[in-house]
Amino acid sequence: MLISWNMLNDIISIPASLEEVAERLTLTGCEVESIEYPCRQLKDVRIALIEKLEKHPEKDLLFVAAVNDGIGTAVVVTAAPNLSAGDRVPYGRPGAVLADGSVLGTRSFGSVESQGMLLSAEELGVPEAADEFGILRLSPDAPVGEDAKKWLGLDDAVLDLSITPNRGDLLSLLGVAREVYALFPGTEWKNDPAQTPAPAEPKEWPSEFRGITLEDDGCRKYCLGLATGLVPGVSPLRVRIALSFLGMRPISNMVDATNLAMLTLGQPTHAFDAGRLAAPEITVRSAVQGETIRTLDGKSHSLQDTDLLITSGGNPIGIAGVMGGENSEILPETRSVYIESASFDAIRVSRTSRRLGINSEAAFRYARTVDSALAEIALNYIANLLKEWGSAQSAYVIRSASSERKDQVTVSITGKMLQKILLTGDLDEASQILQRLGLKEIAAEEGKRTFNVPSWRPDITIEEDLLEEVGRIRGYNETMEPRLPQVLYGRGDIGSVTRLKGDIRRTLLSRGYVELVNYSFLSPSFVKLLRLPENDRRARPLELANPLSGEQSVMRTILLPGLLRSAEQTSLAGWKSPVMVFELGRVFLPLEEGGHEEIERIAGLVYGGRDPRLPYGPQEADDLFSLKGDILALAGSRHVSLQFVQGEEPFGHGGQTAGIEKDGRKVGYLLRLKPSIERDLDCAPLYAFELDLEPFEKDVLPSFRESSQFPPVYRDISLFVPSESPMEDVVRHMREEAGELLRNVRLFDIYVGKGVPEGHRSLAFSLAYQRDDKTLTDSEVDGVHACVRKKLEALGYILR
């Protein structure tokens, strides 16, 4: 939000410097992000009168002017074709400095020596304020000899304010003036734009008008003004300069008047060419699904039934609160104008603006709530401007329609709460502060004051809001007396989920991983990249209604694409070393019955890098088993038991993909990416894992027991197992049969090759039997071991 310091001082007299005002605004919640001086370098430019203008004696395209700048007469050579004797123009003598820092001097053009320059709008630093090509011509009342920088308002400073969404009243000069008035008690009102008078004797409209119809409760109030006899032209030069400083492009007197009203009051308005409307009436209604409108920016938009339309004769002429239609645009031949000033529903305007991608100044303000009391004031303000500029006849009755209920909001503040929160019980001081903010005291009791809240402050509804206003205006950093905090009973706790994520981070960081934080939004192209089939719900991501870009238009259903993108970009940037990254985040999965579920996940990715030179040979490179070790370390840090089973994923390498289970339920995967995906990304090898966070959430305490004093007895078993059977199943069968005597099972050999039946592999295990109360005898161990062998054979395993 840009604010002109000069325009602010036209409204109120401020007993403080610009820097002091900026500091107080920032400290009280209206942050001043920057202060710019658009024409800071401009210096020693005066208003001059062209006394004589002749053709250059030798150069056909040049003119020689004799100008008087109040100091004396000088001769200046110019190529501008738009000048005449008697014109008043900005003039810089030798030594003057232009807006871009250029210093003027004396220059010879043939036999004529030019002393300085006659200046254009661009040389003054305001190119958009020009209304014709050539030198900037000033009005006939421009005082000769005056400092042009000051007279034109080029000495202005522009404050860039960051306004919070709940303070829509601050999106105007009037709102900021009210805030400064409260912050500096010596401030006085000079010209309150909210007190703009209506025409003394407003006239009836000279042409037929059937009225205003509100068919949708999204419009609470709609006012319409009339301007006739519009004289096409530009607004005054100072107005054009001020608008350009505030980021608005001067267009015409009619449009500039509506823009100036919006910047001053905060009330967006819009002008319709009355002669181009389908009928002499205005109707506000919801759009029909699929209805289209072509807006002022030349773009066609397809509407939804939640959008609010301004129509005439059934035809759309504007999207309410967002942008007007091209079919009612003000043209050079326009003579009669309807001027709209209304109050629209903030949520409706915000949704329409974001969905259509139209970020207009009007929509920005409506989305943060506009005071409905400003609607008629803005029309009176515009009417006065048009009359002052001699641009149109506008002293007409304002037509209006309203469905709003004017319920007065009252809020009370107590001395008890003042003392508790702000450490002061001074209700008189609090009342003075609140009344300077525009609140009206309506009742005063012992220890309590009650106030009417003005219509421009919808953010004030409860006592805590009043306390906040008093506190920020008094100043938290100066008026709060220091004190030690009271005794805190108990201790704070970060919570189990935050503690869990901290444990996971520490474990993975200690194993060489780097944490990434990616957007929750993805490009739909990740479905194709990961080869996800249509029946996989991960291939049906939720679409965003108002995406930031096409690359961030859907919600992620899997964490892997963000990690892959990071690895790809790292590789493209020239990184050659291995990459180990992980991310903790949420995925958004659609449900068959409608809606979606959100699941917290942990994902990791390891990329081998592009440098094959390893100091200790290829064993240093990470592989699938390295990641398995990382996952087991992660599980071990939380005392969780996970099982790895042969699995399949659309993006997983055949034979190098494992499912991860917890108590028989799949909770994730471990795999190497398909070679085709590695080729697409030009990164290989790529290993990844992804796990639900839920199995780790329960705190499991480790259990301890006294170690046995008696030695274990070892026996070996070697057997042929079907290739698709997990080793964990064999171990589980052994433990089920042996019971508590079997303390440990260790796999010490795997063999596939000659002598092994087709479709099988040879596994060799070492079994440790042990008791806590005595040493086992061979006969006891042999009996149990025989039962184990018999059980395995019965299950179809081939013993060797």
# chains A, B, ... in the order shown; residues from 1 in each chain; ligands from 1
>>> residues_around(residues="range 463-471 of chain A", least_positions_apart="6", cutoff="8 Å", atoms="only C-alpha atoms", output="JSON, numbers by chain")
{"A": [411, 412, 413, 417, 418, 421, 422, 430, 433, 434]}
>>> closest_atom_pairs(of="range 540-646 of chain A", to="range 680-700 of chain A", cutoff="7 Å", atoms="only C-alpha atoms", output="CSV")
residue,atom,partner,partner_atom,distance
A:Glu568,CA,A:Leu681,CA,6.1
A:Glu600,CA,A:Leu693,CA,5.5
A:Arg601,CA,A:Asp692,CA,4.5
A:Ile602,CA,A:Leu691,CA,5.3
A:Ala603,CA,A:Glu690,CA,4.1
A:Gly604,CA,A:Phe689,CA,5.3
A:Leu605,CA,A:Ala688,CA,4.4
A:Val606,CA,A:Tyr687,CA,5.1
A:Tyr607,CA,A:Leu686,CA,4.8
A:Gly608,CA,A:Pro685,CA,5.6
A:Leu624,CA,A:Tyr687,CA,6.6
A:Arg638,CA,A:Phe696,CA,6.3
A:His639,CA,A:Val700,CA,5.9
A:Val640,CA,A:Phe696,CA,6.8
>>> write_last_selection(atoms="N, CA and C atoms", output="tab-separated table (two decimals), in the first residue's frame")
chain	number	residue	atom	x	y	z
A	568	GLU	N	17.63	-33.73	-8.91
A	568	GLU	CA	17.85	-33.38	-10.31
A	568	GLU	C	18.45	-31.98	-10.43
A	600	GLU	N	0.96	-38.03	7.79
A	600	GLU	CA	2.35	-37.60	8.02
A	600	GLU	C	3.30	-38.70	7.57
A	601	ARG	N	4.34	-38.31	6.81
A	601	ARG	CA	5.28	-39.30	6.27
A	601	ARG	C	6.71	-38.82	6.47
A	602	ILE	N	7.63	-39.79	6.38
A	602	ILE	CA	9.06	-39.51	6.34
A	602	ILE	C	9.60	-40.20	5.09
A	603	ALA	N	10.34	-39.46	4.26
A	603	ALA	CA	10.88	-40.03	3.02
A	603	ALA	C	12.35	-39.69	2.91
A	604	GLY	N	13.11	-40.58	2.28
A	604	GLY	CA	14.52	-40.37	2.07
A	604	GLY	C	14.93	-40.72	0.66
A	605	LEU	N	15.98	-40.08	0.15
A	605	LEU	CA	16.48	-40.34	-1.19
A	605	LEU	C	18.00	-40.30	-1.16
A	606	VAL	N	18.60	-41.28	-1.81
A	606	VAL	CA	20.06	-41.32	-1.91
A	606	VAL	C	20.43	-41.41	-3.39
A	607	TYR	N	21.29	-40.49	-3.81
A	607	TYR	CA	21.77	-40.45	-5.20
A	607	TYR	C	23.28	-40.64	-5.17
A	608	GLY	N	23.76	-41.56	-5.99
A	608	GLY	CA	25.18	-41.91	-5.96
A	608	GLY	C	26.12	-40.84	-6.45
A	624	LEU	N	20.96	-50.46	-1.81
A	624	LEU	CA	19.68	-50.74	-1.17
A	624	LEU	C	19.86	-51.16	0.29
A	638	ARG	N	13.45	-45.61	17.94
A	638	ARG	CA	12.12	-45.51	18.54
A	638	ARG	C	11.65	-46.84	19.10
A	639	HIS	N	12.55	-47.85	19.11
A	639	HIS	CA	12.24	-49.19	19.64
A	639	HIS	C	11.03	-49.81	18.92
A	640	VAL	N	11.05	-49.65	17.58
A	640	VAL	CA	9.98	-50.17	16.74
A	640	VAL	C	10.54	-51.30	15.89
>>> closest_residue(among="A:Ala279, A:Ala200, A:Ile47, A:Ala392", to="Ile317 in chain A", atoms="only C-alpha atoms")
A:Ala279
>>> closest_residue(among="A:Asn315, A:Ser391, A:Thr775, A:Thr292", to="Gly233 in chain A", atoms="only C-alpha atoms")
A:Ser391
>>> residues_around(residues="Asp156 in chain A", least_positions_apart="2", cutoff="10 Å", atoms="only C-alpha atoms", output="list in words")
Ser4, Trp5, Asn6, Met7, Glu36, Tyr37, Pro38, Cys39, Arg40, Lys149, Lys150, Leu152, Gly153, Leu154, Val158, Leu159, Ile241, Ala242 and Phe245 of chain A
>>> residues_around(residues="range 702-714 of chain A", least_positions_apart="5", cutoff="7 Å", atoms="only C-alpha atoms", output="ChimeraX atom specification")
/A:639,766-772,774-775
>>> write_last_selection(atoms="all heavy atoms", output="CSV table (one decimal), in the first residue's frame")
chain,number,residue,atom,x,y,z
A,639,HIS,N,12.5,-47.9,19.1
A,639,HIS,CA,12.2,-49.2,19.6
A,639,HIS,C,11.0,-49.8,18.9
A,639,HIS,O,10.1,-50.4,19.5
A,639,HIS,CB,12.0,-49.1,21.1
A,639,HIS,CG,13.0,-48.4,21.9
A,639,HIS,ND1,14.3,-48.8,22.1
A,639,HIS,CD2,12.9,-47.2,22.5
A,639,HIS,CE1,15.0,-47.9,22.8
A,639,HIS,NE2,14.2,-46.9,23.1
A,766,SER,N,22.4,-70.2,12.1
A,766,SER,CA,23.0,-70.7,13.3
A,766,SER,C,22.0,-70.4,14.4
A,766,SER,O,21.6,-69.2,14.6
A,766,SER,CB,24.3,-70.0,13.6
A,766,SER,OG,24.8,-70.4,14.9
A,767,LEU,N,21.6,-71.4,15.2
A,767,LEU,CA,20.6,-71.3,16.2
A,767,LEU,C,21.3,-71.4,17.6
A,767,LEU,O,22.1,-72.3,17.8
A,767,LEU,CB,19.5,-72.4,16.1
A,767,LEU,CG,18.5,-72.2,15.0
A,767,LEU,CD1,19.1,-72.3,13.6
A,767,LEU,CD2,17.3,-73.2,15.1
A,768,ALA,N,21.0,-70.5,18.5
A,768,ALA,CA,21.6,-70.5,19.8
A,768,ALA,C,20.5,-70.8,20.8
A,768,ALA,O,19.5,-70.1,21.0
A,768,ALA,CB,22.2,-69.1,20.2
A,769,TYR,N,20.6,-72.0,21.6
A,769,TYR,CA,19.7,-72.4,22.6
A,769,TYR,C,20.3,-72.1,23.9
A,769,TYR,O,21.5,-72.3,24.2
A,769,TYR,CB,19.4,-73.9,22.5
A,769,TYR,CG,18.7,-74.3,21.2
A,769,TYR,CD1,19.5,-74.7,20.1
A,769,TYR,CD2,17.3,-74.2,21.0
A,769,TYR,CE1,18.9,-75.1,18.9
A,769,TYR,CE2,16.7,-74.6,19.8
A,769,TYR,CZ,17.5,-75.0,18.8
A,769,TYR,OH,16.9,-75.4,17.6
A,770,GLN,N,19.4,-71.7,24.9
A,770,GLN,CA,20.0,-71.3,26.2
A,770,GLN,C,18.8,-71.2,27.2
A,770,GLN,O,17.7,-70.9,26.9
A,770,GLN,CB,20.6,-69.9,26.0
A,770,GLN,CG,21.4,-69.4,27.3
A,770,GLN,CD,22.1,-68.1,27.0
A,770,GLN,OE1,21.5,-67.2,26.3
A,770,GLN,NE2,23.2,-67.9,27.6
A,771,ARG,N,19.3,-71.5,28.5
A,771,ARG,CA,18.3,-71.3,29.6
A,771,ARG,C,19.0,-70.4,30.6
A,771,ARG,O,20.2,-70.3,30.7
A,771,ARG,CB,18.0,-72.7,30.2
A,771,ARG,CG,17.0,-73.5,29.4
A,771,ARG,CD,16.6,-74.7,30.0
A,771,ARG,NE,15.8,-74.4,31.3
A,771,ARG,CZ,15.0,-75.3,31.9
A,771,ARG,NH1,14.9,-76.5,31.4
A,771,ARG,NH2,14.4,-75.0,33.0
A,772,ASP,N,18.2,-69.8,31.5
A,772,ASP,CA,18.7,-68.9,32.5
A,772,ASP,C,19.1,-69.7,33.8
A,772,ASP,O,19.8,-69.1,34.7
A,772,ASP,CB,17.7,-67.8,32.9
A,772,ASP,CG,17.5,-66.9,31.7
A,772,ASP,OD1,18.4,-66.8,30.9
A,772,ASP,OD2,16.4,-66.3,31.6
A,774,LYS,N,20.1,-73.1,34.1
A,774,LYS,CA,21.0,-74.3,34.1
A,774,LYS,C,21.6,-74.4,32.7
A,774,LYS,O,21.1,-73.7,31.7
A,774,LYS,CB,20.3,-75.6,34.4
A,774,LYS,CG,19.3,-76.1,33.4
A,774,LYS,CD,18.8,-77.5,33.7
A,774,LYS,CE,18.0,-78.0,32.6
A,774,LYS,NZ,17.6,-79.4,32.8
A,775,THR,N,22.6,-75.2,32.6
A,775,THR,CA,23.3,-75.5,31.3
A,775,THR,C,22.5,-76.6,30.6
A,775,THR,O,22.2,-77.6,31.2
A,775,THR,CB,24.7,-75.9,31.5
A,775,THR,OG1,25.4,-74.9,32.2
A,775,THR,CG2,25.4,-76.2,30.2
>>> closest_atom_pairs(of="range 368-405 of chain A", to="range 225-230 of chain A", cutoff="10 Å", atoms="only C-alpha atoms", output="CSV")
residue,atom,partner,partner_atom,distance
A:Glu376,CA,A:Gly225,CA,8.6
A:Ala378,CA,A:Gly225,CA,9.8
A:Leu379,CA,A:Gly225,CA,6.2
A:Asn380,CA,A:Gly225,CA,8.5
A:Ile382,CA,A:Gly225,CA,9.3
A:Ala383,CA,A:Ala227,CA,7.7
A:Leu386,CA,A:Ala227,CA,8.5
A:Lys387,CA,A:Ala227,CA,9.9
A:Gly390,CA,A:Leu230,CA,9.0
A:Ser391,CA,A:Leu230,CA,5.7
A:Ala392,CA,A:Leu230,CA,4.4
A:Gln393,CA,A:Thr228,CA,5.2
A:Ser394,CA,A:Ala227,CA,4.4
A:Ala395,CA,A:Ala227,CA,7.8
A:Tyr396,CA,A:Leu226,CA,6.3
A:Val397,CA,A:Gly225,CA,7.2
A:Ile398,CA,A:Gly225,CA,5.0
A:Arg399,CA,A:Gly225,CA,6.5
A:Ser400,CA,A:Gly225,CA,8.8
>>> write_last_selection(atoms="N, CA and C atoms", output="PDB file, in the first residue's frame")
ATOM      1  N   GLU A 376     -21.667   6.514  -0.513  1.00  0.00           N
ATOM      2  CA  GLU A 376     -22.187   7.804  -0.975  1.00  0.00           C
ATOM      3  C   GLU A 376     -21.119   8.892  -0.863  1.00  0.00           C
ATOM      4  N   ALA A 378     -17.966   8.616  -1.387  1.00  0.00           N
ATOM      5  CA  ALA A 378     -17.070   8.524  -2.547  1.00  0.00           C
ATOM      6  C   ALA A 378     -17.697   9.172  -3.779  1.00  0.00           C
ATOM      7  N   LEU A 379     -19.016   8.995  -3.965  1.00  0.00           N
ATOM      8  CA  LEU A 379     -19.678   9.616  -5.118  1.00  0.00           C
ATOM      9  C   LEU A 379     -19.679  11.135  -5.000  1.00  0.00           C
ATOM     10  N   ASN A 380     -19.887  11.664  -3.794  1.00  0.00           N
ATOM     11  CA  ASN A 380     -19.813  13.111  -3.596  1.00  0.00           C
ATOM     12  C   ASN A 380     -18.398  13.621  -3.847  1.00  0.00           C
ATOM     13  N   ILE A 382     -16.129  12.318  -5.882  1.00  0.00           N
ATOM     14  CA  ILE A 382     -15.884  12.315  -7.330  1.00  0.00           C
ATOM     15  C   ILE A 382     -16.626  13.474  -7.995  1.00  0.00           C
ATOM     16  N   ALA A 383     -17.871  13.711  -7.554  1.00  0.00           N
ATOM     17  CA  ALA A 383     -18.648  14.818  -8.128  1.00  0.00           C
ATOM     18  C   ALA A 383     -17.942  16.151  -7.915  1.00  0.00           C
ATOM     19  N   LEU A 386     -14.909  16.389 -10.355  1.00  0.00           N
ATOM     20  CA  LEU A 386     -15.301  16.675 -11.735  1.00  0.00           C
ATOM     21  C   LEU A 386     -15.743  18.127 -11.892  1.00  0.00           C
ATOM     22  N   LYS A 387     -16.426  18.652 -10.846  1.00  0.00           N
ATOM     23  CA  LYS A 387     -16.839  20.056 -10.892  1.00  0.00           C
ATOM     24  C   LYS A 387     -15.622  20.978 -10.824  1.00  0.00           C
ATOM     25  N   GLY A 390     -13.812  21.031 -14.018  1.00  0.00           N
ATOM     26  CA  GLY A 390     -14.613  21.461 -15.157  1.00  0.00           C
ATOM     27  C   GLY A 390     -14.807  20.358 -16.172  1.00  0.00           C
ATOM     28  N   SER A 391     -14.921  19.126 -15.690  1.00  0.00           N
ATOM     29  CA  SER A 391     -14.962  17.974 -16.603  1.00  0.00           C
ATOM     30  C   SER A 391     -16.366  17.475 -16.889  1.00  0.00           C
ATOM     31  N   ALA A 392     -17.345  17.739 -16.002  1.00  0.00           N
ATOM     32  CA  ALA A 392     -18.687  17.195 -16.215  1.00  0.00           C
ATOM     33  C   ALA A 392     -19.668  17.864 -15.273  1.00  0.00           C
ATOM     34  N   GLN A 393     -20.959  17.694 -15.567  1.00  0.00           N
ATOM     35  CA  GLN A 393     -22.028  18.076 -14.659  1.00  0.00           C
ATOM     36  C   GLN A 393     -22.350  16.858 -13.790  1.00  0.00           C
ATOM     37  N   SER A 394     -22.239  17.008 -12.468  1.00  0.00           N
ATOM     38  CA  SER A 394     -22.416  15.824 -11.623  1.00  0.00           C
ATOM     39  C   SER A 394     -23.222  16.093 -10.360  1.00  0.00           C
ATOM     40  N   ALA A 395     -23.887  17.225 -10.285  1.00  0.00           N
ATOM     41  CA  ALA A 395     -24.659  17.559  -9.088  1.00  0.00           C
ATOM     42  C   ALA A 395     -26.053  16.930  -9.160  1.00  0.00           C
ATOM     43  N   TYR A 396     -26.064  15.595  -9.233  1.00  0.00           N
ATOM     44  CA  TYR A 396     -27.326  14.878  -9.354  1.00  0.00           C
ATOM     45  C   TYR A 396     -27.602  14.058  -8.095  1.00  0.00           C
ATOM     46  N   VAL A 397     -28.874  13.714  -7.935  1.00  0.00           N
ATOM     47  CA  VAL A 397     -29.285  12.851  -6.818  1.00  0.00           C
ATOM     48  C   VAL A 397     -28.593  11.492  -6.954  1.00  0.00           C
ATOM     49  N   ILE A 398     -28.158  10.915  -5.838  1.00  0.00           N
ATOM     50  CA  ILE A 398     -27.539   9.585  -5.838  1.00  0.00           C
ATOM     51  C   ILE A 398     -28.635   8.536  -5.711  1.00  0.00           C
ATOM     52  N   ARG A 399     -28.701   7.614  -6.650  1.00  0.00           N
ATOM     53  CA  ARG A 399     -29.642   6.491  -6.574  1.00  0.00           C
ATOM     54  C   ARG A 399     -28.986   5.370  -5.776  1.00  0.00           C
ATOM     55  N   SER A 400     -29.774   4.679  -4.962  1.00  0.00           N
ATOM     56  CA  SER A 400     -29.174   3.617  -4.143  1.00  0.00           C
ATOM     57  C   SER A 400     -30.185   2.521  -3.829  1.00  0.00           C
TER      58      SER A 400
END
>>> closest_residue(among="A:Ala362, A:Leu173, A:Leu673, A:Val112", to="Leu560 in chain A", atoms="only C-alpha atoms")
A:Leu673
>>> residues_around(residues="range 655-667 of chain A", least_positions_apart="2", cutoff="8 Å", atoms="only C-alpha atoms", output="tab-separated table (two decimals) with N, CA, C and O atoms, in the first residue's frame")
chain	number	residue	atom	x	y	z
A	624	LEU	N	20.96	-50.46	-1.81
A	624	LEU	CA	19.68	-50.74	-1.17
A	624	LEU	C	19.86	-51.16	0.29
A	624	LEU	O	19.06	-50.79	1.16
A	641	SER	N	9.76	-52.37	15.75
A	641	SER	CA	10.17	-53.51	14.93
A	641	SER	C	9.47	-53.44	13.58
A	641	SER	O	8.24	-53.39	13.50
A	642	LEU	N	10.26	-53.40	12.50
A	642	LEU	CA	9.73	-53.36	11.14
A	642	LEU	C	10.14	-54.62	10.39
A	642	LEU	O	11.18	-55.21	10.68
A	643	GLN	N	9.31	-55.04	9.43
A	643	GLN	CA	9.62	-56.20	8.61
A	643	GLN	C	9.72	-55.75	7.15
A	643	GLN	O	8.98	-54.88	6.70
A	644	PHE	N	10.66	-56.37	6.43
A	644	PHE	CA	10.86	-56.08	5.01
A	644	PHE	C	10.41	-57.28	4.20
A	644	PHE	O	10.85	-58.41	4.47
A	645	VAL	N	9.52	-57.06	3.26
A	645	VAL	CA	9.00	-58.13	2.42
A	645	VAL	C	9.17	-57.74	0.96
A	645	VAL	O	9.29	-56.55	0.63
A	646	GLN	N	9.20	-58.72	0.10
A	646	GLN	CA	9.30	-58.44	-1.32
A	646	GLN	C	8.07	-57.67	-1.77
A	646	GLN	O	6.94	-58.01	-1.40
A	647	GLY	N	8.27	-56.59	-2.51
A	647	GLY	CA	7.15	-55.75	-2.89
A	647	GLY	C	7.25	-55.24	-4.30
A	647	GLY	O	8.20	-55.53	-5.03
A	648	GLU	N	6.24	-54.48	-4.68
A	648	GLU	CA	6.19	-53.88	-6.01
A	648	GLU	C	5.69	-52.45	-5.90
A	648	GLU	O	4.80	-52.16	-5.11
A	649	GLU	N	6.27	-51.57	-6.67
A	649	GLU	CA	5.82	-50.20	-6.81
A	649	GLU	C	5.94	-49.82	-8.28
A	649	GLU	O	6.86	-50.28	-8.96
A	652	GLY	N	9.30	-48.60	-8.90
A	652	GLY	CA	10.40	-49.35	-8.31
A	652	GLY	C	11.05	-50.32	-9.29
A	652	GLY	O	10.39	-50.91	-10.16
A	653	HIS	N	12.36	-50.51	-9.16
A	653	HIS	CA	13.14	-51.44	-9.98
A	653	HIS	C	12.70	-52.86	-9.66
A	653	HIS	O	12.62	-53.25	-8.50
A	669	TYR	N	7.76	-48.24	1.79
A	669	TYR	CA	8.50	-48.99	0.77
A	669	TYR	C	9.97	-48.61	0.84
A	669	TYR	O	10.36	-47.56	1.36
A	670	LEU	N	10.79	-49.49	0.28
A	670	LEU	CA	12.23	-49.27	0.10
A	670	LEU	C	12.56	-49.78	-1.28
A	670	LEU	O	12.21	-50.93	-1.62
A	671	LEU	N	13.24	-48.99	-2.12
A	671	LEU	CA	13.45	-49.43	-3.50
A	671	LEU	C	14.55	-48.64	-4.19
A	671	LEU	O	15.02	-47.62	-3.68
A	672	ARG	N	14.92	-49.16	-5.33
A	672	ARG	CA	15.70	-48.40	-6.29
A	672	ARG	C	14.75	-47.97	-7.39
A	672	ARG	O	13.89	-48.74	-7.83
A	691	LEU	N	7.95	-43.77	4.54
A	691	LEU	CA	7.29	-44.46	5.64
A	691	LEU	C	6.22	-43.57	6.26
A	691	LEU	O	6.40	-42.34	6.36
A	692	ASP	N	5.13	-44.19	6.72
A	692	ASP	CA	4.17	-43.46	7.55
A	692	ASP	C	4.83	-43.13	8.88
A	692	ASP	O	5.63	-43.92	9.42
A	695	PRO	N	3.59	-45.42	12.83
A	695	PRO	CA	4.19	-46.52	13.62
A	695	PRO	C	5.21	-46.04	14.64
A	695	PRO	O	5.49	-46.76	15.60
>>> select_by_dssp(residues="range 164-304 of chain A", states="helix (DSSP H, G or I)", output="PyMOL selection string")
chain A and resi 168-170+173-183+193-195+237-245+253-265+274-276
>>> residues_around(residues="Asp60 in chain A", least_positions_apart="5", cutoff="12 Å", atoms="only C-alpha atoms", output="VMD selection string")
chain A and resid 54 to 55 77 to 79 81 109 to 110
>>> atom_distance(atom1="CA of Val180 in chain A", atom2="CA of Val126 in chain A")
28.2 Å
>>> residues_around(residues="Gly425 in chain A", least_positions_apart="4", cutoff="7 Å", atoms="only C-alpha atoms", output="number ranges by chain")
A: 415-416, 418-419
>>> write_last_selection(atoms="C-alpha atoms", output="compact mmCIF listing (two decimals), in the first residue's frame")
# COMPACT_ATOMS: atom_id res chain seq x y z
CA GLY A 415 -10.09 -1.09 34.60
CA LYS A 416 -9.52 -4.59 35.96
CA LEU A 418 -6.45 -2.84 31.81
CA GLN A 419 -4.49 -3.45 34.98
>>> closest_residue(among="A:Leu265, A:Val554, A:Leu634, A:Ile377", to="Leu500 in chain A", atoms="only C-alpha atoms")
A:Leu634
>>> select_by_dssp(residues="range 500-559 of chain A", states="strand (DSSP E)", output="list in words")
Val514, Glu515, Phe521, Leu522, Val554 and Met555 of chain A
>>> atom_distance(atom1="CA of Arg355 in chain A", atom2="CA of Asn546 in chain A")
5.2 Å
>>> closest_residue(among="A:Arg746, A:Arg540, A:Arg457, A:Arg335", to="Arg178 in chain A", atoms="only C-alpha atoms")
A:Arg457
>>> atom_distance(atom1="CA of Val497 in chain A", atom2="CA of Ser510 in chain A")
20.0 Å
>>> decode(residues="range 749-770 of chain A", atoms="C-alpha atoms", output="compact mmCIF listing (two decimals), in the first residue's frame")
# COMPACT_ATOMS: atom_id res chain seq x y z
CA ASP A 749 25.06 -68.06 4.37
CA ILE A 750 22.97 -67.53 1.22
CA TYR A 751 23.71 -69.52 -1.92
CA VAL A 752 22.08 -69.70 -5.35
CA GLY A 753 23.69 -71.77 -8.08
CA LYS A 754 24.81 -75.29 -8.86
CA GLY A 755 23.08 -77.92 -6.75
CA VAL A 756 20.19 -75.67 -5.71
CA PRO A 757 16.75 -76.61 -7.11
CA GLU A 758 15.33 -74.13 -9.62
CA GLY A 759 13.24 -71.42 -8.01
CA HIS A 760 14.97 -71.93 -4.65
CA ARG A 761 17.91 -70.56 -2.68
CA SER A 762 20.00 -72.11 0.04
CA LEU A 763 19.88 -70.47 3.49
CA ALA A 764 22.06 -71.50 6.43
CA PHE A 765 21.20 -70.44 10.00
CA SER A 766 23.00 -70.69 13.32
CA LEU A 767 20.59 -71.30 16.24
CA ALA A 768 21.55 -70.49 19.83
CA TYR A 769 19.67 -72.42 22.58
CA GLN A 770 19.97 -71.26 26.18
